[in-house]
$ cat input_34.cif   # mmCIF, C-alpha atoms
data_data
loop_
_atom_site.label_atom_id
_atom_site.label_comp_id
_atom_site.auth_asym_id
_atom_site.auth_seq_id
_atom_site.Cartn_x
_atom_site.Cartn_y
_atom_site.Cartn_z
CA MET A 193 0.00 0.00 0.00
CA ASP A 194 1.62 3.28 -0.99
CA ARG A 195 0.93 6.65 0.50
CA SER A 196 -1.84 7.67 -1.89
CA ASP A 197 -3.74 4.45 -1.02
CA LEU A 198 -3.51 5.41 2.65
CA TYR A 199 -4.93 8.86 1.95
CA ALA A 200 -7.75 7.33 -0.07
CA ALA A 201 -8.58 4.88 2.74
CA ALA A 202 -8.56 7.64 5.39
CA LEU A 203 -10.81 9.83 3.29
CA GLY A 204 -13.21 6.96 2.65
CA ALA A 205 -13.45 6.27 6.38
CA ALA A 206 -14.10 9.94 7.15
CA LEU A 207 -16.96 10.11 4.66
CA LEU A 208 -18.76 6.95 5.77
CA LEU A 209 -22.14 8.00 7.03
CA PRO A 210 -23.82 6.34 9.97
CA SER A 211 -26.89 4.38 8.97
CA ALA A 212 -29.13 5.92 11.60
CA ALA A 213 -32.90 5.75 11.53
CA LEU A 214 -33.98 8.49 9.20
CA ALA A 215 -37.29 10.20 9.05
CA HIS A 216 -38.37 11.35 5.57
CA HIS A 217 -35.85 9.26 3.69
CA GLY A 218 -36.90 5.86 2.46
CA TRP A 219 -38.68 3.35 4.65
CA SER A 220 -35.80 1.84 6.66
CA TRP A 221 -36.99 3.56 9.84
CA THR A 222 -40.57 2.25 9.65
CA THR A 223 -42.06 -1.03 10.86
CA GLY A 224 -42.76 -2.25 7.33
CA GLU A 225 -46.39 -2.88 8.29
CA ASN A 226 -49.28 -0.61 7.43
CA ILE A 227 -51.63 0.84 9.99
CA GLU A 228 -54.62 3.09 9.51
CA LEU A 229 -55.31 6.23 11.55
CA THR A 230 -58.28 8.57 11.52
CA GLY A 231 -58.14 12.01 13.06
CA THR A 232 -58.35 15.76 12.62
CA ILE A 233 -55.52 17.84 11.19
CA THR A 234 -54.34 20.31 13.85
CA ALA A 235 -51.34 21.80 12.02
CA THR A 236 -49.70 21.62 8.60
CA SER A 237 -46.18 22.18 7.39
CA LEU A 238 -46.40 21.53 3.67
CA GLY A 239 -43.96 22.21 0.87
CA ASN A 240 -40.37 21.36 -0.03
CA PRO A 241 -38.41 19.47 0.95
CA HIS A 242 -40.92 17.41 2.97
CA GLY A 243 -44.58 17.87 3.88
CA GLU A 244 -45.86 17.12 7.36
CA LEU A 245 -49.19 17.19 9.14
CA THR A 246 -50.03 17.03 12.81
CA MET A 247 -53.14 14.99 13.40
CA ASP A 248 -55.19 14.49 16.56
CA VAL A 249 -56.08 10.78 16.82
CA ASP A 250 -58.33 10.29 19.87
CA GLY A 251 -56.29 12.80 21.88
CA THR A 252 -52.86 11.61 20.72
CA LEU A 253 -50.93 13.91 18.37
CA TRP A 254 -49.40 12.06 15.45
CA THR A 255 -46.96 13.48 12.92
CA ILE A 256 -47.97 12.34 9.45
CA GLU A 257 -45.42 12.54 6.66
CA VAL A 258 -47.11 13.36 3.38
CA GLY A 259 -45.43 14.13 0.07
CA GLN A 260 -43.54 17.02 -1.42
CA PRO A 261 -45.79 19.34 -3.47
CA TRP A 262 -45.37 17.29 -6.67
CA ARG A 263 -46.29 14.01 -4.97
CA ASN A 264 -49.35 15.50 -3.27
CA SER A 265 -50.59 17.10 -6.47
CA ARG A 266 -49.91 13.92 -8.49
CA ALA A 267 -52.15 12.12 -5.98
CA GLY A 268 -54.90 14.62 -6.81
CA LEU A 269 -54.66 16.77 -3.69
CA ALA A 270 -55.40 20.44 -4.30
CA ASP A 271 -54.28 23.45 -2.27
CA GLY A 272 -56.38 23.57 0.88
CA ASP A 273 -57.27 19.86 0.91
CA LEU A 274 -54.73 19.25 3.66
CA ALA A 275 -55.71 22.01 6.07
CA GLU A 276 -56.34 22.49 9.75
CA GLY A 277 -59.66 20.99 10.85
CA VAL A 278 -59.94 18.48 7.99
CA VAL A 279 -60.85 14.95 9.08
CA LEU A 280 -58.51 12.47 7.51
CA THR A 281 -57.93 8.72 7.33
CA VAL A 282 -54.34 7.77 6.58
CA SER A 283 -52.79 4.42 5.76
CA GLY A 284 -49.03 4.05 5.95
CA GLU A 285 -46.06 2.77 7.91
CA PRO A 286 -45.39 4.00 11.45
CA SER A 287 -41.96 4.55 12.95
CA ALA A 288 -40.37 1.38 14.34
CA ASP A 289 -40.04 3.30 17.62
CA PRO A 290 -43.54 3.05 19.10
CA ASP A 291 -42.96 6.12 21.32
CA GLU A 292 -42.41 8.25 18.26
CA LYS A 293 -45.93 8.92 17.01
CA LEU A 294 -44.79 9.27 13.42
CA LEU A 295 -46.30 7.73 10.30
CA LYS A 296 -45.29 7.94 6.67
CA ALA A 297 -48.45 8.03 4.58
CA GLU A 298 -48.90 5.82 1.54
CA ARG A 299 -52.50 6.84 0.88
CA LEU A 300 -55.17 8.90 2.53
CA TRP A 301 -58.88 9.56 2.38
CA ILE A 302 -60.77 12.82 2.78
CA TYR A 303 -64.57 12.43 2.73
CA GLN A 304 -64.16 8.91 1.27
CA VAL A 305 -62.09 10.15 -1.65
CA GLU A 306 -58.83 8.23 -1.93
CA TYR A 307 -55.52 9.98 -2.67
CA GLU A 308 -52.61 7.68 -3.42
CA LEU A 309 -49.19 9.13 -2.56
CA TYR A 310 -47.26 5.93 -3.32
CA PRO A 311 -49.26 4.10 -6.00
CA GLY A 312 -48.83 0.34 -5.84
CA ARG A 313 -47.07 0.32 -2.47
CA ASP A 314 -48.56 -1.51 0.50
CA MET B 257 -34.76 36.49 15.92
CA ASP B 258 -37.98 34.48 15.60
CA ALA B 259 -39.60 37.44 13.88
CA VAL B 260 -36.77 37.60 11.36
CA LEU B 261 -37.01 33.85 10.65
CA ASP B 262 -40.79 34.09 10.25
CA ALA B 263 -40.43 37.06 7.90
CA LEU B 264 -37.89 35.12 5.80
CA VAL B 265 -40.10 32.07 5.48
CA GLY B 266 -43.12 34.24 4.70
CA SER B 267 -41.33 36.19 1.95
CA ALA B 268 -42.46 35.79 -1.66
CA PRO B 269 -39.30 34.00 -2.92
CA ALA B 270 -39.38 31.57 0.01
CA GLN B 271 -43.04 30.73 -0.52
CA TRP B 272 -42.55 30.35 -4.27
CA LEU B 273 -39.55 28.05 -3.84
CA ARG B 274 -41.22 26.03 -1.12
CA PHE B 275 -44.07 25.02 -3.42
CA SER B 276 -42.22 24.92 -6.74
CA ARG B 277 -41.19 21.51 -8.03
CA TRP B 278 -38.56 22.47 -10.60
CA GLY B 279 -37.53 25.72 -8.93
CA TYR B 280 -36.60 23.83 -5.78
CA ALA B 281 -34.90 21.11 -7.81
CA ALA B 282 -32.85 23.73 -9.67
CA VAL B 283 -31.74 25.51 -6.50
CA ASN B 284 -30.96 22.18 -4.85
CA THR B 285 -28.87 21.14 -7.85
CA THR B 286 -27.02 24.46 -7.81
CA HIS B 287 -26.23 23.90 -4.14
CA VAL B 288 -24.77 20.46 -4.88
CA PHE B 289 -22.87 21.84 -7.90
CA GLY B 290 -21.29 24.51 -5.69
CA ILE B 291 -20.29 21.91 -3.11
CA ALA B 292 -18.81 19.69 -5.82
CA LEU B 293 -16.66 22.59 -7.12
CA LEU B 294 -15.62 23.68 -3.64
CA VAL B 295 -14.68 20.28 -2.25
CA GLY B 296 -13.36 18.97 -5.55
CA ALA B 297 -10.97 21.92 -5.82
CA ILE B 298 -9.97 22.45 -2.20
CA LEU B 299 -9.22 18.81 -1.44
CA PRO B 300 -6.36 18.32 -3.93
CA LEU B 301 -4.94 21.73 -2.96
CA ASP B 302 -5.04 20.86 0.76
CA LEU B 303 -3.41 17.48 0.10
CA ARG B 304 -0.70 19.30 -1.87
CA LEU B 305 -0.14 21.62 1.11
CA LEU B 306 0.08 18.54 3.33
CA GLY B 307 2.93 17.22 1.24
CA LEU B 308 1.33 15.08 -1.45
CA TRP B 309 2.39 15.62 -5.11
CA ARG B 310 5.47 17.67 -4.17
CA SER B 311 6.70 17.49 -7.77
CA VAL B 312 3.70 19.58 -8.87
CA ALA B 313 4.42 23.30 -8.46
CA LEU B 314 2.11 24.90 -5.91
CA GLU B 315 1.63 28.24 -7.63
CA PRO B 316 0.02 27.14 -10.94
CA LEU B 317 -2.00 24.54 -9.08
CA ALA B 318 -3.33 27.21 -6.70
CA ARG B 319 -4.01 29.58 -9.60
CA VAL B 320 -6.54 27.04 -10.91
CA LEU B 321 -7.94 25.57 -7.72
CA VAL B 322 -8.36 28.64 -5.49
CA PRO B 323 -10.76 30.51 -7.82
CA VAL B 324 -12.69 27.30 -8.57
CA ALA B 325 -13.09 26.62 -4.85
CA ALA B 326 -14.11 30.23 -4.15
CA THR B 327 -16.68 30.14 -6.96
CA GLY B 328 -18.03 26.87 -5.61
CA LEU B 329 -18.35 28.35 -2.13
CA LEU B 330 -20.21 31.41 -3.47
CA LEU B 331 -22.60 29.24 -5.50
CA ALA B 332 -23.25 26.87 -2.60
CA MET B 333 -23.83 29.76 -0.17
CA THR B 334 -26.18 31.61 -2.51
CA ALA B 335 -28.25 28.53 -3.32
CA GLY B 336 -28.05 27.48 0.33
CA ALA B 337 -29.50 30.80 1.46
CA PHE B 338 -32.53 30.19 -0.76
CA LEU B 339 -32.96 26.64 0.54
CA PHE B 340 -32.68 28.00 4.09
CA ILE B 341 -35.44 30.60 3.74
CA THR B 342 -38.00 27.99 2.62
CA ARG B 343 -37.76 26.50 6.14
CA ALA B 344 -35.91 29.17 8.12
CA PRO B 345 -37.31 28.51 11.63
CA GLU B 346 -36.86 24.73 11.29
CA TYR B 347 -33.24 24.90 10.09
CA ALA B 348 -32.29 27.54 12.67
CA ALA B 349 -33.49 25.18 15.42
CA ILE B 350 -31.14 22.36 14.38
CA ASP B 351 -27.82 22.41 16.29
CA LEU B 352 -26.04 20.59 13.48
CA PHE B 353 -27.07 23.35 11.07
CA LEU B 354 -25.54 25.98 13.37
CA VAL B 355 -22.36 23.88 13.63
CA LYS B 356 -22.27 23.76 9.83
CA LEU B 357 -22.63 27.56 9.56
CA ALA B 358 -19.90 28.08 12.16
CA LEU B 359 -17.59 25.73 10.25
CA ILE B 360 -18.24 27.61 6.98
CA ALA B 361 -17.45 30.94 8.65
CA THR B 362 -14.28 29.47 10.18
CA GLY B 363 -13.21 27.93 6.87
CA ALA B 364 -13.77 31.17 4.95
CA LEU B 365 -11.93 33.27 7.56
CA HIS B 366 -9.10 30.75 7.65
CA ALA B 367 -8.68 30.90 3.87
CA LEU B 368 -8.86 34.71 3.86
CA SER B 369 -6.28 35.01 6.64
CA LEU B 370 -3.86 32.87 4.63
CA HIS B 371 -4.43 34.57 1.27
CA LEU B 372 -4.61 38.15 2.62
CA GLY B 373 -1.78 37.43 5.08
CA PRO B 374 1.43 35.78 3.93
CA GLY B 375 -0.15 34.17 0.86
CA LEU B 376 0.72 30.72 -0.44
CA ARG B 377 3.97 31.99 -1.91
CA ASN B 378 5.44 33.48 1.27
CA ALA B 379 3.98 31.33 4.02
CA SER B 380 6.37 28.95 5.74
CA ARG B 381 6.16 25.27 4.92
CA ALA B 382 4.95 24.56 8.45
CA ARG B 383 2.21 27.16 8.11
CA LEU B 384 1.12 25.66 4.79
CA ARG B 385 0.93 22.17 6.29
CA VAL B 386 -1.23 23.39 9.17
CA ALA B 387 -3.37 25.35 6.71
CA GLY B 388 -3.85 22.27 4.53
CA ALA B 389 -4.88 20.10 7.47
CA THR B 390 -7.19 22.78 8.88
CA SER B 391 -8.86 23.51 5.57
CA LEU B 392 -9.28 19.83 4.70
CA SER B 393 -10.94 19.01 8.04
CA ILE B 394 -13.20 22.07 7.92
CA TRP B 395 -14.55 21.59 4.39
CA VAL B 396 -15.00 17.84 4.69
CA GLY B 397 -16.69 18.57 8.04
CA VAL B 398 -19.04 21.06 6.36
CA LEU B 399 -19.96 18.49 3.71
CA VAL B 400 -20.64 15.78 6.32
CA CYS B 401 -22.72 18.17 8.51
CA GLY B 402 -24.71 19.29 5.50
CA ARG B 403 -25.51 15.79 4.33
CA LEU B 404 -26.34 14.63 7.87
CA LEU B 405 -28.94 17.39 8.23
CA ALA B 406 -31.25 15.21 6.16
CA PHE B 407 -30.76 12.39 8.64
CA VAL B 408 -31.03 14.07 12.06
CA ALA B 409 -33.82 16.60 11.64
CA ASP B 410 -37.47 15.78 12.15
#
$ encode --input "input_34.cif" --output "structure tokens"
Amino acid sequence: MDRSDLYAAALGAALLLPSAALAHHGWSWTTGENIELTGTITATSLGNPHGELTMDVDGTLWTIEVGQPWRNSRAGLADGDLAEGVVLTVSGEPSADPDEKLLKAERLWIYQVEYELYPGRD
Amino acid sequence: MDAVLDALVGSAPAQWLRFSRWGYAAVNTTHVFGIALLVGAILPLDLRLLGLWRSVALEPLARVLVPVAATGLLLAMTAGAFLFITRAPEYAAIDLFLVKLALIATGALHALSLHLGPGLRNASRARLRVAGATSLSIWVGVLVCGRLLAFVAD
């Protein structure tokens, strides 16, 4: 191993990222099983890079990850559909940490109308 | 401070970018392009200062790499400012983001103090080695902090 190999190895080690549980990104941090929640939206934080809702489910506040603007609009959601006070049913994968009331939505229903954020995924 | 952050996020450019698909993608890409130029240029220069590639003359190497790195930093900071305002209160509340900003300020001041001080031509070899090590750790640190933001924030 010459000196430039050593530098390359050191640099590689420095750039290795920990594979922590990651909200937003992928599904590695979820249980892999779908659950369904129904509740009322109490707060929204929509837009890039990630959209989020807070939803009151029988007195427990859940954070629901929805899509970026393009994903929400592809699903058929219009501005104002995801707003405070709207009653929502969501199906998706919750965080593997049961204390973290966090769910990544795959599809949702408002007044029985289905909006699919991740078509074909279940 | 909170009022300033709220005003930033409520501004017209921030609201436009926050809900624009391709606008956000373009600014995001510009940010990555700036980082690629910055790190891609500063890393070989820092390794040269640390003693690698001694047979390559420092001056012509620096004449190419310093302006490329500086341009990359400016691009990354400009695009980064736009990304920041779309979610100003959220980013400002993340410790890692503040660490990243502090590292950027330190890295920029460090580079300025070398170039406006002795300069690469007149600085002692020891000073250049320390500068190379410092700069390399700072800019790689900035890159790691920036990427990790996506993995620590809620």
$ closest_atom_pairs --input "input_34.cif" --of "chain B" --to "chain A" --cutoff "10 Å" --atoms "all atoms listed in the file" --output "tab-separated table"
residue	atom	partner	partner_atom	distance
B:Gln271	CA	A:Gly239	CA	8.7
B:Trp272	CA	A:Gly239	CA	9.7
B:Leu273	CA	A:Asn240	CA	7.7
B:Arg274	CA	A:Asn240	CA	4.9
B:Phe275	CA	A:Gly239	CA	5.1
B:Ser276	CA	A:Pro261	CA	7.4
B:Arg277	CA	A:Trp262	CA	6.1
B:Trp278	CA	A:Trp262	CA	9.4
B:Tyr280	CA	A:Asn240	CA	7.3
B:Ala281	CA	A:Asn240	CA	9.5
B:Asn284	CA	A:Pro241	CA	9.8
B:Leu303	CA	A:Tyr199	CA	8.9
B:Leu308	CA	A:Ser196	CA	8.1
B:Trp309	CA	A:Ser196	CA	9.6
B:Leu339	CA	A:Pro241	CA	9.0
B:Thr342	CA	A:Asn240	CA	7.5
B:Arg343	CA	A:Asn240	CA	8.4
B:Ser393	CA	A:Ala206	CA	9.6
B:Val396	CA	A:Leu207	CA	8.0
B:Gly397	CA	A:Ala206	CA	9.1
B:Leu399	CA	A:Leu207	CA	9.0
B:Val400	CA	A:Leu207	CA	7.0
B:Arg403	CA	A:Leu209	CA	8.9
B:Leu404	CA	A:Leu209	CA	7.9
B:Ala406	CA	A:Leu214	CA	7.9
B:Phe407	CA	A:Leu214	CA	5.1
B:Val408	CA	A:Leu214	CA	6.9
B:Ala409	CA	A:Ala215	CA	7.7
B:Asp410	CA	A:Ala215	CA	6.4
$ resolve_selection --input "input_34.cif" --expression "the PyMOL selection byres ((chain A and resi 282-284) around 12)" --output "PyMOL selection string"
chain A and resi 219+222-233+245-247+249+254-258+274+279-281+285-287+294-311+313-314
$ atom_distance --input "input_34.cif" --atom1 "CA of Phe340 in chain B" --atom2 "CA of Phe353 in chain B"
10.1 Å
$ resolve_selection --input "input_34.cif" --expression "the PyMOL selection byres ((chain B and resi 288) around 12)" --output "list in words"
Ala281, Ala282, Val283, Asn284, Thr285, Thr286, His287, Phe289, Gly290, Ile291, Ala292, Leu293, Leu294, Val295, Gly296, Gly328, Leu329, Leu330, Leu331, Ala332, Met333, Thr334, Ala335, Gly336, Leu339, Leu399, Gly402 and Arg403 of chain B
$ closest_residue --input "input_34.cif" --among "B:Ala358, B:Leu314, B:Ala349, B:Val398" --to "Arg377 in chain B" --atoms "all atoms listed in the file"
B:Leu314
$ atom_distance --input "input_34.cif" --atom1 "CA of Met257 in chain B" --atom2 "CA of Pro269 in chain B"
19.5 Å
$ atom_distance --input "input_34.cif" --atom1 "CA of Ala364 in chain B" --atom2 "CA of Ala270 in chain B"
26.1 Å
$ closest_residue --input "input_34.cif" --among "B:Val386, B:Ala337, B:Leu392, B:Leu372" --to "Leu359 in chain B" --atoms "all atoms listed in the file"
B:Leu392
$ closest_residue --input "input_34.cif" --among "B:Ile360, B:Ala387, B:Cys401, B:Ala318" --to "Leu301 in chain B" --atoms "only C-alpha atoms"
B:Ala318
$ closest_residue --input "input_34.cif" --among "B:Leu354, B:Leu365, B:Ile341, B:Ala389" --to "Val265 in chain B" --atoms "all atoms listed in the file"
B:Ile341
$ closest_residue --input "input_34.cif" --among "B:Gly388, B:Pro345, B:Gly363, B:Pro374" --to "Leu261 in chain B" --atoms "only C-alpha atoms"
B:Pro345
$ closest_residue --input "input_34.cif" --among "B:Val322, B:Ile394, B:Ala348, B:Ala259" --to "His371 in chain B" --atoms "all atoms listed in the file"
B:Val322
$ residues_around --input "input_34.cif" --residues "Gly375 in chain B" --least-positions-apart "5" --cutoff "12 Å" --atoms "all atoms listed in the file" --output "ChimeraX atom specification"
/B:314-315,318,322,366-370,380-381,383-384,387
$ resolve_selection --input "input_34.cif" --expression "the PyMOL selection byres ((chain A and resi 276) around 6)" --output "number ranges by chain"
A: 233-235, 275, 277-278
$ axis_aligned_box --input "input_34.cif" --around "range 300-306 of chain A" --padding-each-side "3 Å" --output "lines of an AutoDock Vina configuration file"
center_x = -59.9
center_y = 10.5
center_z = 0.4
size_x = 15.4
size_y = 10.6
size_z = 10.7
$ build_atoms --input "input_34.cif" --residues "range 338-369 of chain B" --atoms "N, CA and C atoms" --output "PDB file, in the frame of the given file"
ATOM      1  N   PHE B 338     -31.154  30.364  -0.266  1.00  0.00           N
ATOM      2  CA  PHE B 338     -32.530  30.190  -0.760  1.00  0.00           C
ATOM      3  C   PHE B 338     -33.177  28.933  -0.177  1.00  0.00           C
ATOM      4  N   LEU B 339     -32.408  27.851  -0.082  1.00  0.00           N
ATOM      5  CA  LEU B 339     -32.960  26.640   0.540  1.00  0.00           C
ATOM      6  C   LEU B 339     -33.328  26.924   1.995  1.00  0.00           C
ATOM      7  N   PHE B 340     -32.456  27.682   2.682  1.00  0.00           N
ATOM      8  CA  PHE B 340     -32.680  28.000   4.090  1.00  0.00           C
ATOM      9  C   PHE B 340     -33.994  28.747   4.303  1.00  0.00           C
ATOM     10  N   ILE B 341     -34.254  29.773   3.465  1.00  0.00           N
ATOM     11  CA  ILE B 341     -35.440  30.600   3.740  1.00  0.00           C
ATOM     12  C   ILE B 341     -36.751  29.841   3.542  1.00  0.00           C
ATOM     13  N   THR B 342     -36.740  28.729   2.770  1.00  0.00           N
ATOM     14  CA  THR B 342     -38.000  27.990   2.620  1.00  0.00           C
ATOM     15  C   THR B 342     -38.434  27.335   3.932  1.00  0.00           C
ATOM     16  N   ARG B 343     -37.466  27.142   4.854  1.00  0.00           N
ATOM     17  CA  ARG B 343     -37.760  26.500   6.140  1.00  0.00           C
ATOM     18  C   ARG B 343     -36.935  27.147   7.242  1.00  0.00           C
ATOM     19  N   ALA B 344     -36.846  28.481   7.220  1.00  0.00           N
ATOM     20  CA  ALA B 344     -35.910  29.170   8.120  1.00  0.00           C
ATOM     21  C   ALA B 344     -36.037  28.785   9.599  1.00  0.00           C
ATOM     22  N   PRO B 345     -37.251  28.823  10.196  1.00  0.00           N
ATOM     23  CA  PRO B 345     -37.310  28.510  11.630  1.00  0.00           C
ATOM     24  C   PRO B 345     -36.865  27.076  11.938  1.00  0.00           C
ATOM     25  N   GLU B 346     -37.227  26.128  11.046  1.00  0.00           N
ATOM     26  CA  GLU B 346     -36.860  24.730  11.290  1.00  0.00           C
ATOM     27  C   GLU B 346     -35.340  24.542  11.249  1.00  0.00           C
ATOM     28  N   TYR B 347     -34.697  25.077  10.202  1.00  0.00           N
ATOM     29  CA  TYR B 347     -33.240  24.900  10.090  1.00  0.00           C
ATOM     30  C   TYR B 347     -32.516  25.588  11.253  1.00  0.00           C
ATOM     31  N   ALA B 348     -32.972  26.788  11.610  1.00  0.00           N
ATOM     32  CA  ALA B 348     -32.290  27.540  12.670  1.00  0.00           C
ATOM     33  C   ALA B 348     -32.363  26.807  14.010  1.00  0.00           C
ATOM     34  N   ALA B 349     -33.332  25.898  14.156  1.00  0.00           N
ATOM     35  CA  ALA B 349     -33.490  25.180  15.420  1.00  0.00           C
ATOM     36  C   ALA B 349     -32.642  23.913  15.487  1.00  0.00           C
ATOM     37  N   ILE B 350     -31.942  23.591  14.402  1.00  0.00           N
ATOM     38  CA  ILE B 350     -31.140  22.360  14.380  1.00  0.00           C
ATOM     39  C   ILE B 350     -29.696  22.700  14.747  1.00  0.00           C
ATOM     40  N   ASP B 351     -29.187  22.119  15.846  1.00  0.00           N
ATOM     41  CA  ASP B 351     -27.820  22.410  16.290  1.00  0.00           C
ATOM     42  C   ASP B 351     -26.796  22.106  15.196  1.00  0.00           C
ATOM     43  N   LEU B 352     -26.996  20.981  14.518  1.00  0.00           N
ATOM     44  CA  LEU B 352     -26.040  20.590  13.480  1.00  0.00           C
ATOM     45  C   LEU B 352     -25.944  21.635  12.375  1.00  0.00           C
ATOM     46  N   PHE B 353     -27.073  22.301  12.087  1.00  0.00           N
ATOM     47  CA  PHE B 353     -27.070  23.350  11.070  1.00  0.00           C
ATOM     48  C   PHE B 353     -26.218  24.533  11.532  1.00  0.00           C
ATOM     49  N   LEU B 354     -26.330  24.866  12.833  1.00  0.00           N
ATOM     50  CA  LEU B 354     -25.540  25.980  13.370  1.00  0.00           C
ATOM     51  C   LEU B 354     -24.054  25.614  13.386  1.00  0.00           C
ATOM     52  N   VAL B 355     -23.754  24.353  13.684  1.00  0.00           N
ATOM     53  CA  VAL B 355     -22.360  23.880  13.630  1.00  0.00           C
ATOM     54  C   VAL B 355     -21.831  24.035  12.203  1.00  0.00           C
ATOM     55  N   LYS B 356     -22.672  23.653  11.233  1.00  0.00           N
ATOM     56  CA  LYS B 356     -22.270  23.760   9.830  1.00  0.00           C
ATOM     57  C   LYS B 356     -21.962  25.216   9.461  1.00  0.00           C
ATOM     58  N   LEU B 357     -22.852  26.143   9.863  1.00  0.00           N
ATOM     59  CA  LEU B 357     -22.630  27.560   9.560  1.00  0.00           C
ATOM     60  C   LEU B 357     -21.341  28.065  10.206  1.00  0.00           C
ATOM     61  N   ALA B 358     -21.112  27.647  11.464  1.00  0.00           N
ATOM     62  CA  ALA B 358     -19.900  28.080  12.160  1.00  0.00           C
ATOM     63  C   ALA B 358     -18.658  27.551  11.447  1.00  0.00           C
ATOM     64  N   LEU B 359     -18.721  26.303  10.982  1.00  0.00           N
ATOM     65  CA  LEU B 359     -17.590  25.730  10.250  1.00  0.00           C
ATOM     66  C   LEU B 359     -17.339  26.489   8.950  1.00  0.00           C
ATOM     67  N   ILE B 360     -18.405  26.859   8.237  1.00  0.00           N
ATOM     68  CA  ILE B 360     -18.240  27.610   6.980  1.00  0.00           C
ATOM     69  C   ILE B 360     -17.568  28.944   7.256  1.00  0.00           C
ATOM     70  N   ALA B 361     -18.039  29.642   8.304  1.00  0.00           N
ATOM     71  CA  ALA B 361     -17.450  30.940   8.650  1.00  0.00           C
ATOM     72  C   ALA B 361     -15.971  30.757   8.997  1.00  0.00           C
ATOM     73  N   THR B 362     -15.663  29.721   9.800  1.00  0.00           N
ATOM     74  CA  THR B 362     -14.280  29.470  10.180  1.00  0.00           C
ATOM     75  C   THR B 362     -13.419  29.152   8.951  1.00  0.00           C
ATOM     76  N   GLY B 363     -13.958  28.314   8.066  1.00  0.00           N
ATOM     77  CA  GLY B 363     -13.210  27.930   6.870  1.00  0.00           C
ATOM     78  C   GLY B 363     -12.937  29.127   5.971  1.00  0.00           C
ATOM     79  N   ALA B 364     -13.940  29.997   5.812  1.00  0.00           N
ATOM     80  CA  ALA B 364     -13.770  31.170   4.950  1.00  0.00           C
ATOM     81  C   ALA B 364     -12.754  32.134   5.562  1.00  0.00           C
ATOM     82  N   LEU B 365     -12.874  32.365   6.886  1.00  0.00           N
ATOM     83  CA  LEU B 365     -11.930  33.270   7.560  1.00  0.00           C
ATOM     84  C   LEU B 365     -10.511  32.707   7.507  1.00  0.00           C
ATOM     85  N   HIS B 366     -10.415  31.408   7.693  1.00  0.00           N
ATOM     86  CA  HIS B 366      -9.100  30.750   7.650  1.00  0.00           C
ATOM     87  C   HIS B 366      -8.451  30.943   6.281  1.00  0.00           C
ATOM     88  N   ALA B 367      -9.232  30.738   5.221  1.00  0.00           N
ATOM     89  CA  ALA B 367      -8.680  30.900   3.870  1.00  0.00           C
ATOM     90  C   ALA B 367      -8.286  32.354   3.621  1.00  0.00           C
ATOM     91  N   LEU B 368      -9.170  33.287   4.057  1.00  0.00           N
ATOM     92  CA  LEU B 368      -8.860  34.710   3.860  1.00  0.00           C
ATOM     93  C   LEU B 368      -7.594  35.110   4.615  1.00  0.00           C
ATOM     94  N   SER B 369      -7.446  34.601   5.841  1.00  0.00           N
ATOM     95  CA  SER B 369      -6.280  35.010   6.640  1.00  0.00           C
ATOM     96  C   SER B 369      -4.992  34.502   5.986  1.00  0.00           C
TER      97      SER B 369
END
